[in-house]
file query-v5.txt (compact mmCIF, C-alpha atoms)
# COMPACT_ATOMS: atom_id res chain seq x y z
CA MET W 66 -25.17 -9.71 29.34
CA ALA W 67 -23.92 -10.16 25.82
CA HIS W 68 -25.34 -13.34 24.31
CA SER W 69 -23.01 -13.76 21.39
CA VAL W 70 -19.52 -12.62 20.42
CA LEU W 71 -17.73 -12.99 17.09
CA LEU W 72 -14.14 -12.32 16.13
CA ILE W 73 -13.72 -11.66 12.43
CA ASP W 74 -10.91 -10.46 10.25
CA ARG W 75 -11.10 -7.31 8.15
CA SER W 76 -11.71 -9.15 4.90
CA GLY W 77 -14.88 -10.71 6.32
CA GLN W 78 -13.66 -14.15 7.39
CA LEU W 79 -14.91 -15.55 10.68
CA ILE W 80 -12.13 -16.39 13.16
CA ALA W 81 -14.12 -17.43 16.22
CA HIS W 82 -17.67 -17.41 17.49
CA HIS W 83 -19.12 -17.95 20.92
CA GLY W 84 -22.73 -17.74 21.98
CA ASN W 85 -26.12 -19.34 21.87
CA THR W 86 -27.50 -18.16 18.55
CA PRO W 87 -27.98 -21.19 16.30
CA GLU W 88 -30.43 -19.32 14.08
CA LEU W 89 -27.94 -16.59 13.34
CA ASP W 90 -26.29 -16.54 9.90
CA ILE W 91 -22.81 -15.75 11.23
CA VAL W 92 -21.05 -16.18 7.89
CA SER W 93 -23.14 -13.42 6.30
CA LEU W 94 -22.87 -11.35 9.46
CA SER W 95 -19.07 -11.54 9.23
CA ALA W 96 -19.01 -10.44 5.58
CA LEU W 97 -21.39 -7.55 6.26
CA THR W 98 -19.50 -6.44 9.37
CA ALA W 99 -16.23 -6.19 7.46
CA ALA W 100 -18.00 -4.19 4.76
CA ASN W 101 -19.63 -1.96 7.38
CA PHE W 102 -16.28 -1.31 9.01
CA GLY W 103 -14.62 -0.65 5.66
CA ALA W 104 -17.34 1.80 4.66
CA THR W 105 -17.15 3.74 7.93
CA ALA W 106 -13.35 3.81 7.68
CA GLU W 107 -13.81 5.66 4.38
CA ILE W 108 -16.26 8.08 6.08
CA ALA W 109 -13.64 8.64 8.78
CA ARG W 110 -11.02 9.33 6.14
CA ILE W 111 -13.26 11.93 4.48
CA LEU W 112 -13.74 13.60 7.87
CA GLY W 113 -10.01 13.63 8.50
CA GLU W 114 -10.07 10.84 11.09
CA GLU W 115 -7.87 7.79 10.78
CA GLU W 116 -10.66 5.39 11.72
CA PHE W 117 -13.75 5.02 13.89
CA THR W 118 -12.74 2.31 16.32
CA LEU W 119 -16.26 1.40 17.42
CA LEU W 120 -19.71 1.24 15.89
CA PHE W 121 -23.01 0.71 17.65
CA HIS W 122 -26.38 -0.24 16.16
CA LYS W 123 -29.50 -0.18 18.31
CA GLY W 124 -32.59 -2.20 17.48
CA LYS W 125 -35.88 -2.78 19.30
CA ASN W 126 -34.70 -5.97 20.99
CA GLU W 127 -31.21 -6.58 19.68
CA ASN W 128 -28.15 -4.38 19.77
CA VAL W 129 -24.78 -4.79 18.08
CA TYR W 130 -21.47 -3.34 19.16
CA PHE W 131 -18.54 -3.51 16.77
CA SER W 132 -15.03 -2.79 18.02
CA ALA W 133 -11.70 -2.76 16.22
CA VAL W 134 -9.15 -5.04 17.88
CA GLY W 135 -5.79 -3.94 16.55
CA GLU W 136 -5.13 -3.65 12.86
CA HIS W 137 -6.62 -6.88 11.53
CA VAL W 138 -9.52 -8.00 13.71
CA ILE W 139 -13.03 -6.81 14.57
CA MET W 140 -15.04 -8.00 17.58
CA VAL W 141 -18.83 -8.12 17.22
CA THR W 142 -20.88 -8.21 20.44
CA LEU W 143 -24.60 -8.93 20.34
CA PHE W 144 -26.72 -8.09 23.36
CA ASP W 145 -30.40 -7.64 24.19
CA ASP W 146 -32.33 -4.59 25.40
CA GLN W 147 -32.08 -5.72 29.04
CA THR W 148 -28.36 -4.99 29.11
CA SER W 149 -26.98 -1.51 29.59
CA LEU W 150 -24.73 -0.14 26.88
CA GLY W 151 -22.44 1.40 29.50
CA LEU W 152 -21.75 -1.98 31.08
CA ILE W 153 -21.07 -3.53 27.70
CA ARG W 154 -18.66 -0.71 26.80
CA LEU W 155 -16.84 -1.03 30.09
CA GLN W 156 -16.38 -4.79 29.73
CA ILE W 157 -15.44 -4.56 26.07
CA ASN W 158 -12.76 -1.94 26.72
CA LYS W 159 -11.09 -4.28 29.21
CA ILE W 160 -11.33 -7.27 26.88
CA ILE W 161 -10.07 -5.31 23.86
CA ASP W 162 -6.86 -4.41 25.69
CA GLU W 163 -6.25 -8.05 26.61
CA LEU W 164 -7.16 -9.31 23.15
CA SER W 165 -4.99 -6.71 21.41
CA THR W 166 -1.96 -7.85 23.41
CA ILE W 167 -2.66 -11.52 22.59
CA LEU W 168 -3.23 -10.82 18.88
CA LEU W 169 -0.16 -8.60 18.66
CA SER W 170 2.02 -11.36 20.11
CA ILE W 171 0.52 -13.88 17.66
CA PHE W 172 1.20 -11.57 14.71
CA GLU W 173 4.71 -10.77 15.93
CA LYS W 174 5.47 -14.47 16.38
CA GLY W 175 4.05 -15.18 12.95
CA ARG W 176 6.08 -12.48 11.27
CA SER W 177 9.29 -14.00 12.51
CA LYS W 178 8.35 -17.34 10.94
CA SER W 179 6.25 -16.38 7.95
CA SER W 180 4.52 -13.28 6.70
CA ASP W 181 1.31 -13.82 8.67
CA PRO W 182 0.24 -16.49 11.19
CA LEU W 183 -3.45 -16.43 10.39
CA ARG W 184 -3.07 -16.10 6.67
CA LEU W 185 -0.92 -17.60 4.01
CA SER W 186 0.19 -14.97 1.59
CA MET T 193 -4.82 -15.06 1.24
CA PRO T 194 -6.89 -18.04 2.37
CA PHE T 195 -7.96 -18.22 5.97
CA ILE T 196 -7.33 -21.46 7.81
CA ASN T 197 -9.45 -22.18 10.85
CA PHE T 198 -7.68 -24.99 12.70
CA SER T 199 -10.33 -25.19 15.41
CA LYS T 200 -12.95 -26.09 12.79
CA ASP T 201 -10.60 -27.77 10.28
CA GLU T 202 -11.84 -25.38 7.67
CA ILE T 203 -10.17 -23.41 4.88
CA GLN T 204 -12.02 -20.29 3.82
CA CYS T 205 -11.27 -18.74 0.43
CA LYS T 206 -12.56 -15.53 -1.08
CA ILE T 207 -13.47 -15.38 -4.76
CA VAL T 208 -14.51 -12.06 -6.29
CA TYR T 209 -16.55 -11.64 -9.48
CA TYR T 210 -15.25 -8.50 -11.17
CA GLY T 211 -16.29 -6.64 -14.32
CA ALA T 212 -17.97 -3.58 -15.80
CA GLY T 213 -21.49 -2.48 -14.82
CA PHE T 214 -24.35 -4.72 -16.02
CA CYS T 215 -21.98 -7.44 -17.30
CA GLY T 216 -23.75 -10.14 -15.25
CA LYS T 217 -21.75 -10.64 -12.04
CA THR T 218 -24.82 -10.69 -9.80
CA THR T 219 -26.67 -12.90 -12.33
CA ASN T 220 -23.82 -15.45 -12.04
CA LEU T 221 -24.24 -15.59 -8.26
CA GLN T 222 -28.02 -15.74 -8.50
CA TYR T 223 -27.81 -18.69 -10.89
CA ILE T 224 -25.34 -20.50 -8.61
CA TYR T 225 -27.59 -19.80 -5.62
CA THR T 226 -30.73 -21.16 -7.30
CA LYS T 227 -29.02 -24.30 -8.60
CA THR T 228 -27.04 -25.45 -5.54
CA MET T 229 -28.36 -27.75 -2.85
CA GLU T 230 -29.56 -26.22 0.42
CA ASP T 231 -27.04 -28.09 2.58
CA ILE T 232 -23.96 -26.67 0.89
CA LYS T 233 -24.94 -23.03 0.53
CA GLY T 234 -25.54 -20.13 2.88
CA LYS T 235 -27.94 -17.27 2.33
CA MET T 236 -27.30 -14.91 -0.54
CA VAL T 237 -26.81 -11.38 0.67
CA SER T 238 -27.19 -8.45 -1.72
CA ILE T 239 -26.70 -4.77 -1.09
CA ASP T 240 -28.11 -3.11 -4.17
CA THR T 241 -30.05 -0.09 -5.32
CA LYS T 242 -33.66 -0.20 -6.52
CA GLY T 243 -32.45 -0.16 -10.13
CA ASP T 244 -30.89 -3.63 -9.77
CA ARG T 245 -27.40 -2.20 -9.60
CA THR T 246 -25.08 -3.59 -6.97
CA LEU T 247 -24.35 -0.84 -4.48
CA PHE T 248 -21.80 -2.60 -2.32
CA PHE T 249 -21.58 -6.31 -3.05
CA ASP T 250 -23.41 -9.62 -3.29
CA PHE T 251 -22.24 -12.43 -1.10
CA LEU T 252 -22.74 -16.19 -1.20
CA SER T 253 -20.97 -18.85 0.83
CA LEU T 254 -20.56 -22.40 -0.54
CA SER T 255 -19.07 -25.64 0.82
CA LEU T 256 -16.93 -27.49 -1.71
CA GLY T 257 -16.19 -30.66 0.26
CA LYS T 258 -13.05 -31.90 2.00
CA ILE T 259 -9.36 -31.84 1.08
CA ARG T 260 -6.89 -33.58 3.42
CA GLY T 261 -9.40 -33.41 6.27
CA PHE T 262 -10.14 -29.73 5.81
CA ASP T 263 -13.56 -28.46 4.79
CA ILE T 264 -13.18 -26.07 1.88
CA ARG T 265 -15.55 -23.14 2.04
CA VAL T 266 -15.59 -20.51 -0.69
CA GLN T 267 -17.10 -17.11 -0.26
CA LEU T 268 -18.26 -15.56 -3.50
CA TYR T 269 -18.45 -11.79 -3.75
CA THR T 270 -19.35 -9.42 -6.55
CA VAL T 271 -18.25 -5.80 -6.84
CA PRO T 272 -20.25 -2.83 -8.11
CA GLY T 273 -19.24 -2.34 -11.74
CA GLN T 274 -19.79 1.40 -12.14
CA VAL T 275 -16.61 3.41 -12.56
CA HIS T 276 -17.28 5.78 -9.63
CA TYR T 277 -17.59 2.93 -7.07
CA ASP T 278 -13.86 2.26 -7.09
CA ALA T 279 -13.47 2.69 -3.32
CA THR T 280 -16.06 -0.06 -2.77
CA ARG T 281 -14.33 -2.37 -5.23
CA LYS T 282 -11.07 -1.93 -3.34
CA LEU T 283 -12.81 -2.85 -0.07
CA VAL T 284 -14.33 -6.01 -1.52
CA LEU T 285 -10.96 -7.05 -3.00
CA LYS T 286 -9.40 -7.10 0.48
CA GLY T 287 -8.07 -10.60 1.17
CA VAL T 288 -9.09 -11.96 -2.26
CA ASP T 289 -7.85 -15.44 -3.24
CA GLY T 290 -9.19 -15.66 -6.78
CA VAL T 291 -10.99 -13.54 -9.36
CA VAL T 292 -13.56 -14.26 -12.05
CA PHE T 293 -13.48 -11.47 -14.59
CA VAL T 294 -16.90 -11.30 -16.25
CA ALA T 295 -16.70 -9.69 -19.70
CA ASP T 296 -19.78 -8.37 -21.47
CA SER T 297 -19.94 -9.75 -25.02
CA LEU T 298 -21.98 -6.77 -26.28
CA LYS T 299 -20.00 -4.77 -28.85
CA VAL T 300 -20.90 -1.44 -27.17
CA GLN T 301 -19.25 -2.64 -23.95
CA ARG T 302 -15.90 -3.45 -25.55
CA LYS T 303 -14.09 -0.40 -24.14
CA LYS T 304 -15.67 -0.83 -20.70
CA ASN T 305 -14.44 -4.44 -20.45
CA ILE T 306 -10.87 -3.34 -21.12
CA GLU T 307 -11.13 -0.43 -18.68
CA SER T 308 -12.51 -2.72 -15.99
CA LEU T 309 -9.70 -5.27 -16.46
CA ILE T 310 -7.10 -2.48 -16.19
CA ASN T 311 -8.90 -1.24 -13.06
CA LEU T 312 -8.71 -4.77 -11.59
CA ALA T 313 -4.96 -4.97 -12.27
CA LYS T 314 -4.46 -1.55 -10.68
CA ASN T 315 -6.52 -2.32 -7.57
CA LEU T 316 -4.79 -5.67 -7.07
CA ALA T 317 -1.38 -4.04 -7.50
CA GLU T 318 -2.27 -1.54 -4.75
CA LYS T 319 -2.68 -4.55 -2.46
CA GLY T 320 0.66 -5.95 -3.57
CA VAL T 321 -0.96 -8.67 -5.70
CA SER T 322 -0.10 -9.17 -9.36
CA ILE T 323 -2.92 -9.94 -11.79
CA ARG T 324 -0.50 -12.40 -13.41
CA SER T 325 -0.04 -14.47 -10.27
CA ILE T 326 -3.51 -14.52 -8.67
CA PRO T 327 -5.87 -17.35 -9.73
CA LEU T 328 -7.97 -15.76 -12.48
CA VAL T 329 -10.65 -16.98 -14.88
CA ILE T 330 -12.28 -14.89 -17.60
CA GLN T 331 -15.92 -15.44 -18.52
CA TYR T 332 -17.39 -14.13 -21.78
CA ASN T 333 -20.96 -13.58 -20.74
CA LYS T 334 -24.20 -12.99 -22.69
CA ARG T 335 -23.30 -15.51 -25.42
CA ASP T 336 -27.03 -16.29 -25.64
CA LEU T 337 -27.34 -13.00 -27.57
CA ASP T 338 -25.39 -14.56 -30.45
CA GLY T 339 -27.68 -14.73 -33.45
CA THR T 340 -30.06 -12.07 -32.12
CA ASP T 341 -30.36 -8.41 -33.16
CA SER T 342 -27.86 -7.33 -30.48
CA GLU T 343 -24.39 -6.85 -31.85
CA ILE T 344 -21.96 -9.00 -29.94
CA LEU T 345 -18.22 -9.54 -30.24
CA GLN T 346 -16.84 -12.87 -31.36
CA VAL T 347 -14.94 -14.83 -28.71
CA ASP T 348 -11.61 -14.54 -30.55
CA ILE T 349 -11.88 -10.73 -30.46
CA LEU T 350 -12.67 -10.80 -26.73
CA GLU T 351 -9.73 -13.17 -26.20
CA LYS T 352 -7.45 -10.78 -28.08
CA ASP T 353 -8.74 -7.77 -26.11
CA LEU T 354 -8.61 -9.30 -22.66
CA ASN T 355 -6.64 -12.51 -22.57
CA SER T 356 -3.78 -12.18 -25.07
CA MET T 357 -1.30 -11.25 -22.34
CA LEU T 358 -2.79 -13.07 -19.35
CA LYS T 359 -3.53 -16.39 -21.07
CA VAL T 360 -5.80 -17.61 -18.26
CA PRO T 361 -8.65 -20.13 -18.63
CA SER T 362 -11.70 -18.55 -20.27
CA TYR T 363 -15.30 -19.68 -20.72
CA SER T 364 -18.22 -18.62 -22.90
CA ALA T 365 -21.32 -18.27 -20.79
CA SER T 366 -24.85 -17.08 -20.37
CA ALA T 367 -25.36 -16.23 -16.72
CA LEU T 368 -29.06 -15.75 -17.40
CA LYS T 369 -29.56 -19.24 -18.85
CA GLY T 370 -26.79 -20.88 -16.86
CA ASN T 371 -24.45 -22.06 -19.62
CA GLY T 372 -20.84 -21.84 -18.51
CA VAL T 373 -21.65 -20.56 -15.00
CA PHE T 374 -20.66 -23.71 -13.12
CA GLU T 375 -17.76 -24.39 -15.51
CA THR T 376 -16.36 -20.98 -14.55
CA LEU T 377 -16.94 -21.58 -10.83
CA ARG T 378 -15.39 -25.05 -11.01
CA GLU T 379 -12.26 -23.73 -12.74
CA ILE T 380 -11.69 -20.80 -10.38
CA SER T 381 -12.30 -23.05 -7.35
CA LYS T 382 -9.79 -25.55 -8.72
CA LEU T 383 -7.18 -22.84 -9.28
CA VAL T 384 -7.75 -21.34 -5.82
CA VAL T 385 -7.57 -24.70 -4.01
CA LYS T 386 -4.38 -25.57 -5.93
CA ASP T 387 -2.90 -22.21 -4.94
CA VAL T 388 -3.91 -22.78 -1.29
CA SER T 389 -2.29 -26.24 -1.25
CA ARG T 390 0.91 -24.80 -2.68
CA LYS T 391 0.97 -22.09 -0.01
CA ILE T 392 0.29 -24.59 2.79
CA MET T 393 3.21 -26.73 1.65
CA LEU T 394 5.42 -23.64 1.43
CA LEU T 395 4.42 -22.54 4.92
CA ASP T 396 4.98 -26.05 6.23
CA LYS T 397 8.55 -25.97 4.86
CA GLN T 398 9.18 -22.53 6.37
CA LEU T 399 7.99 -23.61 9.80
CA ARG T 400 10.18 -26.71 9.92

call {"tool": "encode", "arguments": {"input": "query-v5.txt", "output": "structure tokens"}}
result
Amino acid sequence: MAHSVLLIDRSGQLIAHHGNTPELDIVSLSALTAANFGATAEIARILGEEEFTLLFHKGKNENVYFSAVGEHVIMVTLFDDQTSLGLIRLQINKIIDELSTILLSIFEKGRSKSSDPLRLS
Amino acid sequence: MPFINFSKDEIQCKIVYYGAGFCGKTTNLQYIYTKTMEDIKGKMVSIDTKGDRTLFFDFLSLSLGKIRGFDIRVQLYTVPGQVHYDATRKLVLKGVDGVVFVADSLKVQRKKNIESLINLAKNLAEKGVSIRSIPLVIQYNKRDLDGTDSEILQVDILEKDLNSMLKVPSYSASALKGNGVFETLREISKLVVKDVSRKIMLLDKQLR
């Protein structure tokens, strides 16, 4: 199964991290993921798409799956070569729906009190 | 727009080094990286071309200590300076909390400095941020060339060109030798943390 999951915001800040990867530089990974997503969003725009909602990078032993969760958040899932991509996609699709609902309610709640619950602008 | 992580008692701020191509943004970060202690810095990440030009950005994360129980972590970014990389600059500016504008003291770069500052104002405005309200510090870089064969502008001319309207703190520096690099970083960090504290208090009032 997936061995590490990160939730980051679109400007590259880490929101939450779970997994057993102490050697992983998650701060840099967050910054690069946001950049990666931003760059592919521009590619999408050139191609006439609004956005690519998922990205997948395959390595020899490690794989990364990036998924957009609503407007502000990206989920990064790291998994090894023993895990099937199909299974990961299936699980992630379920989780994304749940997470989107939770995040939407947080943002809605925040908007009624201030401009943004996670950020101070 | 600082990010507050209540589960880790951490405030994350984003500071972007902005300026024309080859003005020394990456050199600033490299100097900071080489001179800070291992336990307070992360790895420095650079996405550049083979010709030493920043393609996307450089990134360095630093811990600045605690304020009211919160760890303050700043993330330093640079942008690519070349005119045609504007889309990338806009991406890096997303969620920015403070800007260091690095000006090149070389006389031949005078126009490019002004163009880059105007570009910064425009890109911030697109995000609904005014260059007059965001924490901003200007650094006049390459002062070590003073007294050499290279023609450089005097600081008062640079001030008139770039800071006559903004009136923000400015520092003379040599990113290569290190003079003024930490003074600039200290000032922008101070301004950003002050701005964060003000916003926290404002939010606190709103929530009550």

call {"tool": "closest_residue", "arguments": {"input": "query-v5.txt", "among": "W:Val129, W:Glu88, W:His122, W:Ala109", "to": "Val141 in chain W", "atoms": "only C-alpha atoms"}}
result
W:Val129

call {"tool": "interface_residues", "arguments": {"input": "query-v5.txt", "of": "chain T", "to": "chain W", "cutoff": "7 Å", "atoms": "all atoms listed in the file", "output": "MDAnalysis selection string"}}
result
chainID T and resid 193:197 283 286:287 391 398:399

call {"tool": "residues_near_point", "arguments": {"input": "query-v5.txt", "point": "(-27.5, -4.0, 14.4)", "cutoff": "12 Å", "atoms": "all atoms listed in the file", "output": "JSON, numbers by chain"}}
result
{"W": [94, 97, 98, 101, 120, 121, 122, 123, 124, 125, 126, 127, 128, 129, 130, 131, 141, 142, 143, 144, 145]}

call {"tool": "write_last_selection", "arguments": {"input": "query-v5.txt", "atoms": "C-alpha atoms", "output": "mmCIF file, in the frame of the given file"}}
result
data_model
loop_
_atom_site.group_PDB
_atom_site.id
_atom_site.type_symbol
_atom_site.label_atom_id
_atom_site.label_comp_id
_atom_site.auth_asym_id
_atom_site.auth_seq_id
_atom_site.Cartn_x
_atom_site.Cartn_y
_atom_site.Cartn_z
ATOM 1 C CA LEU W 94 -22.870 -11.350 9.460
ATOM 2 C CA LEU W 97 -21.390 -7.550 6.260
ATOM 3 C CA THR W 98 -19.500 -6.440 9.370
ATOM 4 C CA ASN W 101 -19.630 -1.960 7.380
ATOM 5 C CA LEU W 120 -19.710 1.240 15.890
ATOM 6 C CA PHE W 121 -23.010 0.710 17.650
ATOM 7 C CA HIS W 122 -26.380 -0.240 16.160
ATOM 8 C CA LYS W 123 -29.500 -0.180 18.310
ATOM 9 C CA GLY W 124 -32.590 -2.200 17.480
ATOM 10 C CA LYS W 125 -35.880 -2.780 19.300
ATOM 11 C CA ASN W 126 -34.700 -5.970 20.990
ATOM 12 C CA GLU W 127 -31.210 -6.580 19.680
ATOM 13 C CA ASN W 128 -28.150 -4.380 19.770
ATOM 14 C CA VAL W 129 -24.780 -4.790 18.080
ATOM 15 C CA TYR W 130 -21.470 -3.340 19.160
ATOM 16 C CA PHE W 131 -18.540 -3.510 16.770
ATOM 17 C CA VAL W 141 -18.830 -8.120 17.220
ATOM 18 C CA THR W 142 -20.880 -8.210 20.440
ATOM 19 C CA LEU W 143 -24.600 -8.930 20.340
ATOM 20 C CA PHE W 144 -26.720 -8.090 23.360
ATOM 21 C CA ASP W 145 -30.400 -7.640 24.190
#

call {"tool": "closest_residue", "arguments": {"input": "query-v5.txt", "among": "T:Ala317, T:Ile224, T:Ile349, T:Val385", "to": "Leu285 in chain T", "atoms": "only C-alpha atoms"}}
result
T:Ala317

call {"tool": "closest_residue", "arguments": {"input": "query-v5.txt", "among": "W:Leu169, W:His137, W:Asn85, W:Ser132", "to": "Ile153 in chain W", "atoms": "all atoms listed in the file"}}
result
W:Ser132

call {"tool": "residues_around", "arguments": {"input": "query-v5.txt", "residues": "range 226-230 of chain T", "least_positions_apart": "3", "cutoff": "12 Å", "atoms": "only C-alpha atoms", "output": "list of chain:residue names"}}
result
T:Thr219, T:Asn220, T:Leu221, T:Gln222, T:Tyr223, T:Lys233, T:Gly234, T:Lys235, T:Met236, T:Leu252, T:Ser253, T:Leu254, T:Ser255, T:Leu256, T:Ala367, T:Leu368, T:Lys369, T:Gly370, T:Val373, T:Phe374

call {"tool": "atom_distance", "arguments": {"input": "query-v5.txt", "atom1": "CA of Tyr210 in chain T", "atom2": "CA of Leu337 in chain T"}}
result
20.9 Å

call {"tool": "atom_distance", "arguments": {"input": "query-v5.txt", "atom1": "CA of Asp289 in chain T", "atom2": "CA of Glu116 in chain W"}}
result
25.8 Å

call {"tool": "atom_distance", "arguments": {"input": "query-v5.txt", "atom1": "CA of Gln267 in chain T", "atom2": "CA of Ser297 in chain T"}}
result
26.0 Å

call {"tool": "residues_around", "arguments": {"input": "query-v5.txt", "residues": "Tyr209 in chain T", "least_positions_apart": "4", "cutoff": "8 Å", "atoms": "all atoms listed in the file", "output": "list in words"}}
result
Lys217, Leu268, Tyr269, Thr270, Val271, Val291, Val292, Phe293 and Val294 of chain T

call {"tool": "residues_around", "arguments": {"input": "query-v5.txt", "residues": "Pro272 in chain T", "least_positions_apart": "2", "cutoff": "8 Å", "atoms": "only C-alpha atoms", "output": "JSON, numbers by chain"}}
result
{"T": [213, 245, 246, 247, 248, 249, 270, 274, 277, 280, 281]}

call {"tool": "closest_residue", "arguments": {"input": "query-v5.txt", "among": "T:Ser381, T:Ser238, T:Asn333, T:Ser199", "to": "Ser366 in chain T", "atoms": "all atoms listed in the file"}}
result
T:Asn333

call {"tool": "axis_aligned_box", "arguments": {"input": "query-v5.txt", "around": "range 196-201 of chain T", "padding_each_side": "6 Å", "output": "lines of an AutoDock Vina configuration file"}}
result
center_x = -10.1
center_y = -24.6
center_z = 11.6
size_x = 17.6
size_y = 18.3
size_z = 19.6

call {"tool": "closest_residue", "arguments": {"input": "query-v5.txt", "among": "T:Asp348, T:Glu318, T:Asp387, T:Asp240", "to": "Lys282 in chain T", "atoms": "only C-alpha atoms"}}
result
T:Glu318

call {"tool": "closest_residue", "arguments": {"input": "query-v5.txt", "among": "T:Ala295, T:Ile232, T:Leu395, T:Ile310", "to": "Asp263 in chain T", "atoms": "all atoms listed in the file"}}
result
T:Ile232

call {"tool": "build_atoms", "arguments": {"input": "query-v5.txt", "residues": "range 212-227 of chain T", "atoms": "N, CA and C atoms", "output": "mmCIF file, in the coordinates of the input"}}
result
data_model
loop_
_atom_site.group_PDB
_atom_site.id
_atom_site.type_symbol
_atom_site.label_atom_id
_atom_site.label_comp_id
_atom_site.auth_asym_id
_atom_site.auth_seq_id
_atom_site.Cartn_x
_atom_site.Cartn_y
_atom_site.Cartn_z
ATOM 1 N N ALA T 212 -17.292 -4.858 -15.616
ATOM 2 C CA ALA T 212 -17.970 -3.580 -15.800
ATOM 3 C C ALA T 212 -19.451 -3.668 -15.378
ATOM 4 N N GLY T 213 -20.085 -2.530 -15.230
ATOM 5 C CA GLY T 213 -21.490 -2.480 -14.820
ATOM 6 C C GLY T 213 -22.392 -3.236 -15.782
ATOM 7 N N PHE T 214 -23.360 -3.956 -15.252
ATOM 8 C CA PHE T 214 -24.350 -4.720 -16.020
ATOM 9 C C PHE T 214 -23.755 -5.841 -16.874
ATOM 10 N N CYS T 215 -22.564 -6.359 -16.493
ATOM 11 C CA CYS T 215 -21.980 -7.440 -17.300
ATOM 12 C C CYS T 215 -22.509 -8.810 -16.864
ATOM 13 N N GLY T 216 -23.132 -8.880 -15.673
ATOM 14 C CA GLY T 216 -23.750 -10.140 -15.250
ATOM 15 C C GLY T 216 -23.099 -10.808 -14.050
ATOM 16 N N LYS T 217 -22.417 -10.061 -13.229
ATOM 17 C CA LYS T 217 -21.750 -10.640 -12.040
ATOM 18 C C LYS T 217 -22.788 -11.159 -11.045
ATOM 19 N N THR T 218 -23.768 -10.301 -10.738
ATOM 20 C CA THR T 218 -24.820 -10.690 -9.800
ATOM 21 C C THR T 218 -25.635 -11.860 -10.362
ATOM 22 N N THR T 219 -25.887 -11.826 -11.684
ATOM 23 C CA THR T 219 -26.670 -12.900 -12.330
ATOM 24 C C THR T 219 -25.944 -14.235 -12.180
ATOM 25 N N ASN T 220 -24.610 -14.227 -12.280
ATOM 26 C CA ASN T 220 -23.820 -15.450 -12.040
ATOM 27 C C ASN T 220 -24.110 -16.005 -10.654
ATOM 28 N N LEU T 221 -24.022 -15.136 -9.645
ATOM 29 C CA LEU T 221 -24.240 -15.590 -8.260
ATOM 30 C C LEU T 221 -25.674 -16.062 -8.038
ATOM 31 N N GLN T 222 -26.617 -15.348 -8.657
ATOM 32 C CA GLN T 222 -28.020 -15.740 -8.500
ATOM 33 C C GLN T 222 -28.264 -17.121 -9.105
ATOM 34 N N TYR T 223 -27.641 -17.389 -10.253
ATOM 35 C CA TYR T 223 -27.810 -18.690 -10.890
ATOM 36 C C TYR T 223 -27.213 -19.795 -10.006
ATOM 37 N N ILE T 224 -26.008 -19.513 -9.488
ATOM 38 C CA ILE T 224 -25.340 -20.500 -8.610
ATOM 39 C C ILE T 224 -26.228 -20.758 -7.390
ATOM 40 N N TYR T 225 -26.756 -19.680 -6.830
ATOM 41 C CA TYR T 225 -27.590 -19.800 -5.620
ATOM 42 C C TYR T 225 -28.846 -20.651 -5.892
ATOM 43 N N THR T 226 -29.487 -20.426 -7.036
ATOM 44 C CA THR T 226 -30.730 -21.160 -7.300
ATOM 45 C C THR T 226 -30.474 -22.630 -7.652
ATOM 46 N N LYS T 227 -29.272 -22.935 -8.134
ATOM 47 C CA LYS T 227 -29.020 -24.300 -8.600
ATOM 48 C C LYS T 227 -28.207 -25.166 -7.623
#
